[in-house]
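Enquirer: Sharing a structure here in structure tokens format.
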Amino acid sequence: MFLGQYVSSLMQETITYLKLSYDDLALRMFLPEMVLRDAVDGKMGLTRGQWVRFGQELGLPTTYVLRPGERDDVPCWEVCFPPVSLGANKT
């Protein structure tokens with residue numbers, strides 16, 4: 001699963017704001033650094049569980065929805081945050 005554009009930007013900004021190192025994050029995620037960088041840049045997919053764990057490492061919400069997408073003319077799934085209306089309807 002690839003990151004949607006908004007989630008990707010949010011993760012990149014969070015890493016920069018918190019002054020985190022991709023190397024340290026990759027070690028905590030048990031992934032090679034370049035794989036993690038490419039995944040956050042939207043060039044490589046990770047499993048849903050890996051995205052949830054990575055969101056937890058960054059202190060971000062980890063409630064995601066999957067949306068059909070396309071990368072390089074190949075169908076794929078994109079990880080996105082749910083629409084605000086979904087969260088507002090829950091009581």
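Residue numbering restarts at 1 for every chain of the structure tokens, chains are lettered A, B, ... in their displayed order, and ligands are numbered from 1 as they appear.
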Please list as a compact mmCIF listing (two decimals) with N, CA and C atoms, in the first residue's frame every residue within 8 Å of stretch 27-42 of chain A, counting only C-alpha atoms and excluding residues in the same chain fewer than 6 positions away.
Expert:
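Now in result39.txt:
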```txt
# COMPACT_ATOMS: atom_id res chain seq x y z
N PHE A 2 0.51 2.18 -0.82
CA PHE A 2 1.25 3.43 -0.92
C PHE A 2 0.57 4.50 -0.09
N LEU A 3 1.31 5.51 0.32
CA LEU A 3 0.71 6.63 1.03
C LEU A 3 0.02 7.55 0.06
N GLY A 4 -1.15 8.05 0.47
CA GLY A 4 -1.79 9.11 -0.28
C GLY A 4 -0.96 10.38 -0.11
N GLN A 5 -1.17 11.34 -0.98
CA GLN A 5 -0.35 12.56 -1.00
C GLN A 5 -0.41 13.32 0.33
N SER A 8 1.44 11.39 3.12
CA SER A 8 2.87 11.45 2.84
C SER A 8 3.45 12.81 3.26
N MET A 11 3.56 13.13 7.08
CA MET A 11 4.64 12.36 7.68
C MET A 11 6.00 13.04 7.43
N GLN A 12 6.22 13.54 6.23
CA GLN A 12 7.48 14.22 5.93
C GLN A 12 7.64 15.46 6.81
N GLN A 50 2.65 -1.97 8.87
CA GLN A 50 3.85 -1.14 8.91
C GLN A 50 3.49 0.34 8.94
N ARG A 53 2.23 1.16 12.45
CA ARG A 53 3.36 1.24 13.38
C ARG A 53 4.17 2.52 13.16
N PHE A 54 4.38 2.89 11.91
CA PHE A 54 5.14 4.09 11.61
C PHE A 54 4.38 5.33 12.09
```
Enquirer: For atom CA of A:Thr47 and atom CA of A:Met1, determine how far apart the two atoms are, in Å to one decimal place.
Expert: 5.9 Å
Enquirer: Closest to A:Leu60 among A:Thr16, A:Ala26, A:Lys43, A:Phe81, using only C-alpha atoms?
Expert: A:Phe81
Enquirer: Within chain A, find each residue whose DSSP state, derived from the backbone, is strand (DSSP E or B), and express the selection as an MDAnalysis selection string.
Expert: chainID A and resid 2:3 65:71 74:80
Enquirer: One decimal, Å: what's the distance from atom CA of A:Pro82 over to atom CA of A:Leu25, could you say?
Expert: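 So the answer is 24.9 Å.
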Enquirer: Measure the distance from atom CA of A:Val79 to atom CA of A:Leu66 in Å and round it to one decimal.
Expert: 5.0 Å
Enquirer: Find the residue from A:Gly45, A:Glu78, A:Pro68, A:Gly59 that sits nearest to A:Leu18; use only C-alpha atoms when measuring.
Expert: A:Gly59
Enquirer: With DSSP run on the backbone, what are the helix (DSSP H, G or I) residues within chain A? I'd like them as a ChimeraX atom specification.
Expert: /A:5-17,22-29,33-40,48-58,84-88
Enquirer: Between A:Met44, A:Val52, A:Val7, A:Cys80, which has the minimum distance to A:Val65 (counting only C-alpha atoms)?
Expert: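 The closest residue to A:Val65 is A:Cys80.
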